[in-house]
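Novice: Below is the file target15.cif, which contains mmCIF, C-alpha atoms.
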```
data_structure
#
loop_
_atom_site.label_atom_id
_atom_site.label_comp_id
_atom_site.auth_asym_id
_atom_site.auth_seq_id
_atom_site.Cartn_x
_atom_site.Cartn_y
_atom_site.Cartn_z
CA MET A 25 15.60 -27.62 -34.92
CA ALA A 26 12.90 -25.37 -36.38
CA ASP A 27 9.81 -27.01 -37.79
CA VAL A 28 9.63 -26.26 -41.50
CA ASN A 29 5.84 -26.72 -41.56
CA ILE A 30 5.10 -23.81 -39.24
CA ALA A 31 5.55 -20.23 -40.42
CA VAL A 32 6.90 -18.44 -37.38
CA ASP A 33 6.41 -14.68 -36.92
CA GLU A 34 8.65 -14.22 -33.89
CA LYS A 35 11.09 -16.23 -31.77
CA VAL A 36 12.04 -15.98 -28.13
CA ASP A 37 14.73 -17.83 -26.17
CA ILE A 38 13.82 -18.43 -22.52
CA THR A 39 16.65 -20.83 -21.69
CA ASP A 40 18.56 -18.00 -19.97
CA VAL A 41 15.91 -17.37 -17.27
CA VAL A 42 14.10 -19.37 -14.61
CA CYS A 43 10.48 -19.62 -13.43
CA PRO A 44 8.45 -17.39 -13.34
CA VAL A 45 10.43 -15.15 -15.70
CA THR A 46 10.25 -17.92 -18.34
CA PHE A 47 6.50 -17.37 -18.65
CA VAL A 48 6.85 -13.61 -18.23
CA LYS A 49 9.26 -13.42 -21.19
CA THR A 50 6.92 -15.58 -23.27
CA LYS A 51 3.97 -13.40 -22.31
CA VAL A 52 5.87 -10.23 -23.23
CA ALA A 53 6.72 -11.70 -26.65
CA LEU A 54 3.08 -12.72 -27.21
CA GLU A 55 1.80 -9.24 -26.34
CA GLU A 56 3.90 -7.83 -29.19
CA LEU A 57 2.13 -10.08 -31.73
CA ASP A 58 -1.23 -9.72 -33.47
CA ASP A 59 -4.11 -12.19 -33.29
CA GLY A 60 -3.25 -15.34 -35.23
CA GLN A 61 0.52 -14.76 -35.42
CA ILE A 62 2.87 -17.51 -34.30
CA LEU A 63 5.58 -17.42 -31.65
CA GLN A 64 8.38 -19.98 -31.41
CA VAL A 65 9.77 -20.40 -27.89
CA HIS A 66 13.11 -22.09 -27.21
CA LEU A 67 12.92 -23.53 -23.68
CA ASN A 68 14.60 -25.96 -21.32
CA ASP A 69 13.41 -29.37 -20.20
CA GLY A 70 12.04 -29.70 -16.67
CA GLU A 71 10.08 -26.91 -15.00
CA PRO A 72 9.85 -24.62 -18.08
CA VAL A 73 8.43 -27.31 -20.33
CA GLN A 74 6.01 -28.40 -17.60
CA ASN A 75 4.76 -24.91 -16.75
CA VAL A 76 5.06 -22.55 -19.73
CA PRO A 77 2.74 -24.41 -22.18
CA ARG A 78 0.07 -24.76 -19.47
CA SER A 79 0.27 -21.08 -18.48
CA VAL A 80 0.10 -20.02 -22.14
CA LYS A 81 -3.00 -22.21 -22.62
CA ASP A 82 -4.59 -20.69 -19.47
CA GLU A 83 -4.25 -17.26 -21.08
CA GLY A 84 -6.30 -18.50 -24.02
CA HIS A 85 -3.58 -19.00 -26.64
CA GLN A 86 -3.29 -22.08 -28.80
CA ILE A 87 -0.40 -24.54 -28.52
CA LEU A 88 0.41 -25.75 -32.03
CA LYS A 89 3.30 -28.05 -31.28
CA LEU A 90 5.91 -28.94 -28.69
CA GLN A 91 9.01 -30.39 -30.30
CA ASP A 92 11.77 -32.18 -28.38
CA ASN A 93 15.21 -31.15 -29.64
CA GLU A 94 16.69 -34.14 -27.76
CA ASP A 95 19.42 -31.94 -26.27
CA GLY A 96 17.55 -30.92 -23.10
CA THR A 97 15.66 -28.17 -24.91
CA TYR A 98 12.33 -27.88 -26.68
CA GLU A 99 10.67 -25.72 -29.31
CA LEU A 100 7.16 -24.57 -28.44
CA TYR A 101 4.94 -23.14 -31.19
CA ILE A 102 2.15 -20.87 -29.97
CA LYS A 103 -0.63 -19.23 -31.98
CA LYS A 104 -1.69 -15.96 -30.40
CA VAL A 105 -5.42 -15.76 -29.71
CA GLY A 106 -6.98 -12.36 -29.07
CA ASP A 107 -5.45 -8.92 -28.96
CA MET B 250 9.88 0.95 -24.10
CA ALA B 251 11.21 -2.59 -23.77
CA PHE B 252 11.63 -4.24 -20.40
CA THR B 253 15.09 -5.31 -19.28
CA ASN B 254 15.46 -8.84 -17.88
CA GLU B 255 15.82 -7.22 -14.45
CA GLN B 256 12.50 -5.38 -14.89
CA LEU B 257 10.80 -8.54 -16.10
CA GLU B 258 11.91 -10.23 -12.91
CA ARG B 259 11.08 -7.28 -10.64
CA TYR B 260 7.54 -6.97 -12.02
CA SER B 261 7.03 -10.66 -12.84
CA ARG B 262 4.23 -11.13 -10.28
CA HIS B 263 2.36 -8.21 -11.87
CA ILE B 264 3.02 -9.23 -15.49
CA ILE B 265 1.78 -12.76 -14.82
CA LEU B 266 -1.61 -11.38 -13.76
CA SER B 267 -3.86 -11.42 -16.81
CA GLU B 268 -5.50 -8.16 -15.61
CA ILE B 269 -2.14 -6.33 -15.49
CA GLY B 270 0.25 -7.96 -17.97
CA VAL B 271 2.87 -6.03 -19.89
CA LYS B 272 0.41 -3.29 -20.83
CA GLY B 273 -0.64 -2.66 -17.23
CA GLN B 274 2.94 -2.59 -15.99
CA LYS B 275 3.86 -0.10 -18.71
CA LYS B 276 0.92 2.06 -17.65
CA LEU B 277 2.20 2.00 -14.07
CA LEU B 278 5.73 2.94 -15.15
CA ASN B 279 4.33 5.84 -17.19
CA SER B 280 2.00 7.07 -14.43
CA LYS B 281 2.35 9.92 -11.93
CA VAL B 282 0.82 9.84 -8.45
CA LEU B 283 0.91 12.64 -5.88
CA ILE B 284 0.77 11.66 -2.21
CA ILE B 285 -0.15 14.47 0.17
CA GLY B 286 1.18 13.65 3.63
CA ALA B 287 4.11 11.31 4.37
CA GLY B 288 2.54 9.99 7.58
CA GLY B 289 0.44 7.03 8.69
CA LEU B 290 -1.49 6.77 5.40
CA GLY B 291 1.10 8.18 3.01
CA ALA B 292 3.88 5.87 4.24
CA PRO B 293 2.36 2.53 3.20
CA ALA B 294 0.80 4.07 0.08
CA ALA B 295 4.22 5.39 -0.99
CA LEU B 296 5.94 2.08 -0.28
CA TYR B 297 3.51 0.01 -2.33
CA LEU B 298 3.34 2.47 -5.22
CA ALA B 299 7.14 2.68 -5.40
CA ALA B 300 7.41 -1.10 -5.27
CA ALA B 301 4.72 -1.39 -7.97
CA GLY B 302 6.80 0.75 -10.31
CA VAL B 303 4.65 3.87 -10.47
CA GLY B 304 7.09 5.89 -12.58
CA THR B 305 6.74 9.26 -10.87
CA ILE B 306 5.69 9.75 -7.27
CA GLY B 307 5.33 13.21 -5.75
CA ILE B 308 5.25 13.54 -1.98
CA VAL B 309 4.14 16.62 -0.05
CA ASP B 310 4.77 17.19 3.66
CA ALA B 311 5.98 20.11 5.76
CA ASP B 312 7.03 18.07 8.79
CA VAL B 313 10.19 16.43 10.03
CA VAL B 314 10.33 12.87 11.34
CA ASP B 315 9.52 12.69 15.04
CA LEU B 316 10.06 9.73 17.38
CA SER B 317 6.28 9.52 17.96
CA ASN B 318 5.71 8.98 14.22
CA LEU B 319 7.60 5.71 14.05
CA GLN B 320 4.86 3.57 15.66
CA ARG B 321 2.95 3.75 12.35
CA GLN B 322 4.82 5.70 9.66
CA VAL B 323 6.71 2.70 8.34
CA ILE B 324 8.58 4.51 5.56
CA HIS B 325 10.77 6.31 8.16
CA THR B 326 13.33 4.74 10.51
CA THR B 327 14.85 5.69 13.84
CA ASN B 328 17.86 7.06 11.97
CA ASP B 329 15.58 9.49 10.11
CA ILE B 330 14.44 11.39 13.23
CA GLY B 331 14.84 15.11 12.57
CA LYS B 332 15.00 14.61 8.80
CA LYS B 333 12.38 16.15 6.49
CA LYS B 334 9.69 13.52 6.02
CA VAL B 335 9.68 14.04 2.26
CA GLU B 336 13.43 13.37 2.10
CA SER B 337 13.23 10.33 4.36
CA ALA B 338 10.31 8.94 2.33
CA ALA B 339 12.09 9.64 -0.98
CA GLU B 340 15.24 7.82 0.16
CA THR B 341 13.23 4.72 1.11
CA MET B 342 11.26 4.72 -2.16
CA ARG B 343 14.41 5.10 -4.27
CA ALA B 344 16.08 2.30 -2.31
CA ILE B 345 13.10 -0.01 -2.97
CA ASN B 346 12.90 0.76 -6.67
CA PRO B 347 15.39 2.78 -8.71
CA ASP B 348 12.86 2.88 -11.59
CA VAL B 349 10.86 5.48 -9.65
CA THR B 350 11.39 9.23 -9.95
CA VAL B 351 10.46 10.87 -6.66
CA ASN B 352 9.56 14.57 -6.49
CA THR B 353 9.59 16.08 -2.99
CA TYR B 354 7.61 19.12 -1.86
CA TYR B 355 8.58 20.29 1.64
CA ASP B 356 5.49 22.39 2.18
CA PHE B 357 1.91 22.50 3.44
CA VAL B 358 -0.81 22.43 0.81
CA THR B 359 -2.58 25.81 0.61
CA SER B 360 -5.01 27.52 -1.73
CA ASP B 361 -1.98 29.20 -3.32
CA ASN B 362 0.04 26.11 -4.20
CA ILE B 363 -2.30 23.11 -4.46
CA LEU B 364 -3.49 23.52 -8.06
CA ASP B 365 0.11 23.85 -9.17
CA LEU B 366 1.11 20.79 -7.12
CA ILE B 367 -1.56 18.48 -8.53
CA LYS B 368 -1.58 19.64 -12.13
CA ASP B 369 1.07 17.23 -13.50
CA TYR B 370 -0.21 14.12 -11.71
CA ASP B 371 -2.71 11.47 -12.83
CA PHE B 372 -4.00 10.53 -9.38
CA VAL B 373 -3.91 12.16 -5.93
CA ILE B 374 -3.77 10.38 -2.57
CA ASP B 375 -4.97 12.35 0.45
CA GLY B 376 -2.96 11.12 3.40
CA THR B 377 -3.44 14.21 5.51
CA ASP B 378 -4.59 14.29 9.12
CA ASN B 379 -6.78 17.39 9.30
CA PHE B 380 -10.07 18.70 7.91
CA PRO B 381 -8.84 21.99 6.41
CA ALA B 382 -6.40 20.05 4.22
CA LYS B 383 -9.00 17.40 3.31
CA PHE B 384 -11.54 20.01 2.13
CA LEU B 385 -8.85 21.95 0.27
CA ILE B 386 -7.61 18.81 -1.51
CA ASN B 387 -11.17 17.75 -2.41
CA ASP B 388 -12.10 21.15 -3.80
CA ALA B 389 -8.86 21.46 -5.77
CA CYS B 390 -9.23 17.96 -7.24
CA VAL B 391 -12.85 18.68 -8.22
CA MET B 392 -11.85 21.97 -9.87
CA ALA B 393 -8.88 20.40 -11.67
CA LYS B 394 -10.81 17.15 -12.40
CA LYS B 395 -8.15 15.00 -10.75
CA PRO B 396 -9.11 11.57 -9.38
CA LEU B 397 -8.56 11.39 -5.64
CA SER B 398 -8.37 8.77 -2.93
CA HIS B 399 -9.63 10.24 0.31
CA ALA B 400 -9.03 8.50 3.63
CA GLY B 401 -9.09 9.12 7.34
CA ILE B 402 -7.99 7.09 10.35
CA ILE B 403 -8.48 7.49 14.10
CA ARG B 404 -8.21 5.09 17.06
CA PHE B 405 -9.30 1.66 15.73
CA LYS B 406 -11.29 3.04 12.80
CA GLY B 407 -10.57 3.98 9.23
CA GLN B 408 -12.49 4.97 6.13
CA LEU B 409 -11.85 5.72 2.51
CA THR B 410 -13.54 6.65 -0.72
CA THR B 411 -12.42 7.37 -4.25
CA ILE B 412 -13.54 10.56 -5.92
CA ILE B 413 -13.70 10.76 -9.71
CA PRO B 414 -14.80 14.35 -10.36
CA GLY B 415 -17.81 14.50 -12.66
CA GLU B 416 -18.54 10.78 -12.26
CA GLY B 417 -19.42 10.41 -8.59
CA PRO B 418 -19.90 12.27 -5.34
CA CYS B 419 -17.06 14.30 -3.82
CA TYR B 420 -16.05 14.70 -0.17
CA ARG B 421 -18.15 17.84 0.09
CA CYS B 422 -21.25 15.97 -1.19
CA ILE B 423 -20.94 13.87 1.99
CA PHE B 424 -19.58 16.44 4.45
CA LYS B 425 -20.65 19.99 3.60
CA ASN B 426 -18.14 21.84 5.75
CA PRO B 427 -15.29 21.11 8.17
CA PRO B 428 -16.48 20.43 11.74
CA PRO B 429 -16.07 23.27 14.23
CA LYS B 430 -12.52 23.64 15.52
CA ASP B 431 -11.75 21.09 18.26
CA ALA B 432 -15.12 19.34 17.83
CA VAL B 433 -13.30 16.30 16.47
CA PRO B 434 -10.05 15.14 18.02
CA THR B 435 -7.07 14.60 15.76
CA CYS B 436 -5.20 11.33 15.91
CA LYS B 437 -2.55 13.11 17.92
CA GLN B 438 -5.10 13.76 20.66
CA ALA B 439 -7.11 10.56 20.24
CA GLY B 440 -4.46 8.02 19.27
CA VAL B 441 -4.45 5.60 16.38
CA ILE B 442 -3.46 1.97 16.12
CA GLY B 443 -0.36 1.71 13.94
CA ALA B 444 -1.56 -0.98 11.55
CA MET B 445 -4.66 1.12 10.70
CA GLY B 446 -2.49 3.32 8.48
CA GLY B 447 -1.18 0.13 6.87
CA VAL B 448 -4.68 -1.19 6.11
CA ILE B 449 -6.20 2.03 4.81
CA GLY B 450 -3.09 3.49 3.16
CA SER B 451 -2.57 0.20 1.31
CA LEU B 452 -6.17 0.33 0.09
CA GLN B 453 -5.47 3.84 -1.22
CA ALA B 454 -2.46 2.48 -3.12
CA MET B 455 -4.70 -0.31 -4.47
CA GLU B 456 -7.22 2.23 -5.77
CA ALA B 457 -4.41 4.19 -7.47
CA VAL B 458 -3.09 1.03 -9.16
CA LYS B 459 -6.61 0.06 -10.30
CA TYR B 460 -7.28 3.55 -11.65
CA ILE B 461 -3.99 3.64 -13.57
CA THR B 462 -4.35 0.15 -15.05
CA GLY B 463 -8.11 0.45 -15.60
CA VAL B 464 -8.74 -2.81 -13.77
CA GLY B 465 -11.81 -3.65 -11.68
CA GLU B 466 -14.27 -1.34 -9.97
CA LEU B 467 -13.20 1.72 -8.04
CA LEU B 468 -14.65 2.90 -4.76
CA ASN B 469 -16.20 6.00 -6.28
CA GLY B 470 -19.77 6.41 -5.09
CA TYR B 471 -19.03 4.34 -1.97
CA LEU B 472 -17.47 4.90 1.44
CA LEU B 473 -15.62 1.90 2.86
CA THR B 474 -15.39 1.89 6.63
CA TYR B 475 -13.24 -0.40 8.76
CA ASP B 476 -13.71 -1.08 12.45
CA ALA B 477 -10.70 -3.06 13.67
CA LEU B 478 -12.14 -3.86 17.10
CA LYS B 479 -15.27 -5.44 15.64
CA MET B 480 -13.28 -6.62 12.61
CA GLU B 481 -15.95 -5.27 10.29
CA PHE B 482 -15.74 -3.66 6.88
CA HIS B 483 -18.80 -1.85 5.52
CA LYS B 484 -19.20 -0.56 1.99
CA VAL B 485 -21.77 2.21 2.18
CA LYS B 486 -23.40 3.50 -1.01
CA LEU B 487 -23.20 7.29 -1.22
CA PRO B 488 -25.87 9.59 -2.70
CA ALA B 489 -25.46 10.61 -6.32
CA ARG B 490 -23.07 13.37 -7.27
CA GLY B 491 -23.52 17.02 -7.03
CA LYS B 492 -27.12 17.52 -5.98
CA GLY B 493 -26.77 20.78 -4.09
CA CYS B 494 -23.04 20.24 -3.56
CA ALA B 495 -21.29 23.58 -3.12
CA VAL B 496 -18.30 22.55 -5.19
CA CYS B 497 -19.16 19.71 -7.61
CA SER B 498 -22.75 20.50 -8.62
CA ASP B 499 -23.37 22.01 -12.04
CA THR B 500 -23.94 25.37 -10.36
CA PRO B 501 -21.25 25.48 -7.65
CA THR B 502 -21.27 28.22 -5.03
CA ILE B 503 -17.64 27.56 -4.11
CA THR B 504 -15.51 28.55 -7.08
CA GLU B 505 -12.36 29.57 -5.24
CA LEU B 506 -10.22 27.51 -2.88
CA ILE B 507 -10.61 28.09 0.85
CA ASP B 508 -7.96 27.87 3.56
CA TYR B 509 -9.97 26.88 6.63
CA GLU B 510 -8.42 27.67 9.99
CA GLN B 511 -6.49 24.90 11.73
CA PRO B 512 -7.09 24.13 15.41
CA ALA B 513 -4.39 26.14 17.17
CA CYS B 514 -2.89 23.13 18.97
CA GLU B 515 -2.20 21.42 15.64
CA LEU B 516 -0.30 24.30 14.09
CA LYS B 517 3.38 23.79 13.80
CA ALA B 518 6.03 26.23 12.79
CA HIS B 519 7.52 25.46 9.41
CA ALA B 520 10.81 24.13 10.75
#
```
Since I need it in another form, could you write the structure as structure tokens?
Specialist:
Amino acid sequence: MADVNIAVDEKVDITDVVCPVTFVKTKVALEELDDGQILQVHLNDGEPVQNVPRSVKDEGHQILKLQDNEDGTYELYIKKVGD
Amino acid sequence: MAFTNEQLERYSRHIILSEIGVKGQKKLLNSKVLIIGAGGLGAPAALYLAAAGVGTIGIVDADVVDLSNLQRQVIHTTNDIGKKKVESAAETMRAINPDVTVNTYYDFVTSDNILDLIKDYDFVIDGTDNFPAKFLINDACVMAKKPLSHAGIIRFKGQLTTIIPGEGPCYRCIFKNPPPKDAVPTCKQAGVIGAMGGVIGSLQAMEAVKYITGVGELLNGYLLTYDALKMEFHKVKLPARGKGCAVCSDTPTITELIDYEQPACELKAHA
């Protein structure tokens, strides 16, 4: 399910939590990274996939790709912007 | 220090804020705040700081919970009557948030103990109800260079300021000396509306959180006054620091702490 074209620096699974902790866990993982590094987020369909990419964008990070795993989950690739 | 899933959920509304985030929440968890007075101001301040995850909270008070306190001192309950206020407050804070370490000091602040009390804390909240204590706390915080939130409430009015020693005016820059004994009524004699402690004490907690996280602009250099009857807030700019101030000028005339005399009717035996 990982995208071979994107070199991922860190992964986080947020399928075990619900909103707003989904975004909180993503944010925590992003804060650990340096500018330009890439985070892969494993998330559920529905509310997480609707809200997390938007919230991440609002914080100024770059969404590289959202990939549908076709099993009710997605992979979200985020490039950290800023420190 | 990594957050547990439970902590992520507990502090999620803080962590989501771009101004706070993970870094700000970690700063709160690593911070130490001393609250002097577990009464009308100290009660809401202590509740919000405990809930916010301020890692260490010290609380100083030499009183026991009295039935007449419960109209405004929301950290104590009817079942706490007769209990030391510091113990009652500590129990409530620990029940709200087990992440918090609470240190209790069942004592009055005096010139002998105050420097020792404040020395390990990052920020001091003055929630006392009398002028001798307010001047003592100000002078000690200036001498020890501890940031301080000063506040006072009476009837339908409240006021507060934040004092960052060396960066802005102190309490003594505004008020040179305590008023003569019995010239100003205490809230015991004059009364105070219960929610006033909630408004002003919560603002003190807000200043502590902002200081610790380094977010926004503090109230140093300003006095914020609140008149509940007119529903008016005023932010009054204070004169610059130190000019002729007996304690915080570059050539202070007060270099030792002073225990001013308390009005006799306010003195209580140390039960």
Novice: Separation of atom CA of Arg421 of chain B and atom CA of Cys494 of chain B, in Å?
Specialist: 6.6 Å
Novice: Near segment 56-67 of chain A, within 7 Å and counting only C-alpha atoms, which residues show up once chain neighbours fewer than 2 positions away are dropped, as a count of residues only?
Specialist: 25
Novice: Using all atoms listed in the file, find each residue in chain A having at least one atom no more than 10 Å away from chain B; report its shortest atom-to-atom pair and that distance in Å (one decimal), rows by chain then rising number, as a tab-separated table.
Specialist:
```
residue	atom	partner	partner_atom	distance
A:Asp40	CA	B:Asn254	CA	9.9
A:Val41	CA	B:Asn254	CA	8.6
A:Val42	CA	B:Glu258	CA	9.6
A:Cys43	CA	B:Glu258	CA	9.5
A:Pro44	CA	B:Ser261	CA	6.9
A:Val45	CA	B:Glu258	CA	5.8
A:Thr46	CA	B:Glu258	CA	9.6
A:Phe47	CA	B:Ile265	CA	7.6
A:Val48	CA	B:Ser261	CA	6.1
A:Lys49	CA	B:Leu257	CA	7.2
A:Lys51	CA	B:Ile265	CA	7.8
A:Val52	CA	B:Val271	CA	6.1
A:Ala53	CA	B:Val271	CA	9.6
A:Leu54	CA	B:Val271	CA	9.9
A:Glu55	CA	B:Val271	CA	7.3
A:Glu56	CA	B:Val271	CA	9.5
A:Ser79	CA	B:Ile265	CA	9.2
A:Asp82	CA	B:Ser267	CA	9.7
A:Glu83	CA	B:Ser267	CA	7.2
```
Novice: Go ahead and fit an axis-aligned box to every listed atom of segment 72-79 of chain A plus 3 Å each side, and pass me the centre and edge lengths in Å, one decimal, as JSON.
Specialist:
```
{"center_x": 5.0, "center_y": -24.7, "center_z": -19.5, "size_x": 15.8, "size_y": 13.3, "size_z": 11.4}
```
Novice: On this structure, which residues satisfy the PyMOL selection byres ((chain B and resi 380) around 12), written as an mmCIF file with C-alpha atoms, keeping the file's coordinate frame?
Specialist:
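Below is the file part18.cif, written as the result:
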```cif
data_model
loop_
_atom_site.group_PDB
_atom_site.id
_atom_site.type_symbol
_atom_site.label_atom_id
_atom_site.label_comp_id
_atom_site.auth_asym_id
_atom_site.auth_seq_id
_atom_site.Cartn_x
_atom_site.Cartn_y
_atom_site.Cartn_z
ATOM 1 C CA ASP B 375 -4.970 12.350 0.450
ATOM 2 C CA GLY B 376 -2.960 11.120 3.400
ATOM 3 C CA THR B 377 -3.440 14.210 5.510
ATOM 4 C CA ASP B 378 -4.590 14.290 9.120
ATOM 5 C CA ASN B 379 -6.780 17.390 9.300
ATOM 6 C CA PRO B 381 -8.840 21.990 6.410
ATOM 7 C CA ALA B 382 -6.400 20.050 4.220
ATOM 8 C CA LYS B 383 -9.000 17.400 3.310
ATOM 9 C CA PHE B 384 -11.540 20.010 2.130
ATOM 10 C CA LEU B 385 -8.850 21.950 0.270
ATOM 11 C CA ILE B 386 -7.610 18.810 -1.510
ATOM 12 C CA ASN B 387 -11.170 17.750 -2.410
ATOM 13 C CA HIS B 399 -9.630 10.240 0.310
ATOM 14 C CA ALA B 400 -9.030 8.500 3.630
ATOM 15 C CA GLY B 401 -9.090 9.120 7.340
ATOM 16 C CA TYR B 420 -16.050 14.700 -0.170
ATOM 17 C CA ARG B 421 -18.150 17.840 0.090
ATOM 18 C CA PHE B 424 -19.580 16.440 4.450
ATOM 19 C CA LYS B 425 -20.650 19.990 3.600
ATOM 20 C CA ASN B 426 -18.140 21.840 5.750
ATOM 21 C CA PRO B 427 -15.290 21.110 8.170
ATOM 22 C CA PRO B 428 -16.480 20.430 11.740
ATOM 23 C CA PRO B 429 -16.070 23.270 14.230
ATOM 24 C CA LYS B 430 -12.520 23.640 15.520
ATOM 25 C CA ASP B 431 -11.750 21.090 18.260
ATOM 26 C CA ALA B 432 -15.120 19.340 17.830
ATOM 27 C CA VAL B 433 -13.300 16.300 16.470
ATOM 28 C CA PRO B 434 -10.050 15.140 18.020
ATOM 29 C CA THR B 435 -7.070 14.600 15.760
ATOM 30 C CA CYS B 436 -5.200 11.330 15.910
ATOM 31 C CA ILE B 507 -10.610 28.090 0.850
ATOM 32 C CA ASP B 508 -7.960 27.870 3.560
ATOM 33 C CA TYR B 509 -9.970 26.880 6.630
ATOM 34 C CA GLU B 510 -8.420 27.670 9.990
ATOM 35 C CA GLN B 511 -6.490 24.900 11.730
ATOM 36 C CA PRO B 512 -7.090 24.130 15.410
ATOM 37 C CA GLU B 515 -2.200 21.420 15.640
#
```
Novice: Hey, can you check how far atom CA of Lys484 of chain B sits from atom CA of Glu466 of chain B?
Specialist: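 Interatomic distance, atom CA of Lys484 of chain B to atom CA of Glu466 of chain B: 13.0 Å.
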Novice: I'd like the interatomic distance between atom CA of Glu336 of chain B and atom CA of Thr353 of chain B, to a tenth of an Å.
Specialist: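 Computing it gives 6.9 Å between the two atoms.
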Novice: Could you check which residues have any atom within 6 Å of (4.3, 3.5, -12.7), counting all atoms listed in the file with coordinates taken straight from the file, and then list them as a list of chain:residue names?
Specialist: B:Leu277, B:Leu278, B:Asn279, B:Ser280, B:Gly302, B:Val303, B:Gly304
Novice: Grab the residues selected above and save them as a PDB file, keeping the file's coordinate frame with C-alpha atoms.
Specialist:
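Saved file out39.pdb follows:
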```pdb
ATOM      1  CA  LEU B 277       2.200   2.000 -14.070  1.00  0.00           C
ATOM      2  CA  LEU B 278       5.730   2.940 -15.150  1.00  0.00           C
ATOM      3  CA  ASN B 279       4.330   5.840 -17.190  1.00  0.00           C
ATOM      4  CA  SER B 280       2.000   7.070 -14.430  1.00  0.00           C
ATOM      5  CA  GLY B 302       6.800   0.750 -10.310  1.00  0.00           C
ATOM      6  CA  VAL B 303       4.650   3.870 -10.470  1.00  0.00           C
ATOM      7  CA  GLY B 304       7.090   5.890 -12.580  1.00  0.00           C
TER       8      GLY B 304
END
```
Novice: To verify the selection step, state as a ChimeraX atom specification which residues the PyMOL selection byres ((chain B and resi 287) around 7) yields on this input.
Specialist: /B:285-286,288,291-292,308-310,334-335,338
Novice: Using the chain letters and numbers from this file, what does the PyMOL selection byres ((chain B and resi 464) around 12) select? Give the answer as a PyMOL selection string.
Specialist: chain B and resi 266-270+272-274+276-277+455-463+465-467
Novice: Which residues are close to Leu364 of chain B, i.e. within 12 Å by only C-alpha atoms, leaving aside same-chain residues fewer than 5 positions away? Reply as JSON, numbers by chain.
Specialist: {"B": [283, 358, 359, 369, 370, 373, 385, 386, 387, 388, 389, 390, 391, 392, 393, 394, 395, 505, 506]}
Novice: Got a sec: who's within 10 Å of Asn318 of chain B, counting all atoms listed in the file, leaving out chain neighbours fewer than 5 positions off, as a list in words?
Specialist: Gly288, Gly289, Val313, Val323, His325, Thr326, Thr327, Ile330, Lys437 and Gly443 of chain B
Novice: Pick out the closest residue to Ala454 of chain B from this set: B:Asn346, B:Gln438, B:Thr410, B:Ser398. Count all atoms listed in the file.
Specialist: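 Ranking B:Asn346, B:Gln438, B:Thr410, B:Ser398 by distance to Ala454 of chain B, first place goes to B:Ser398.
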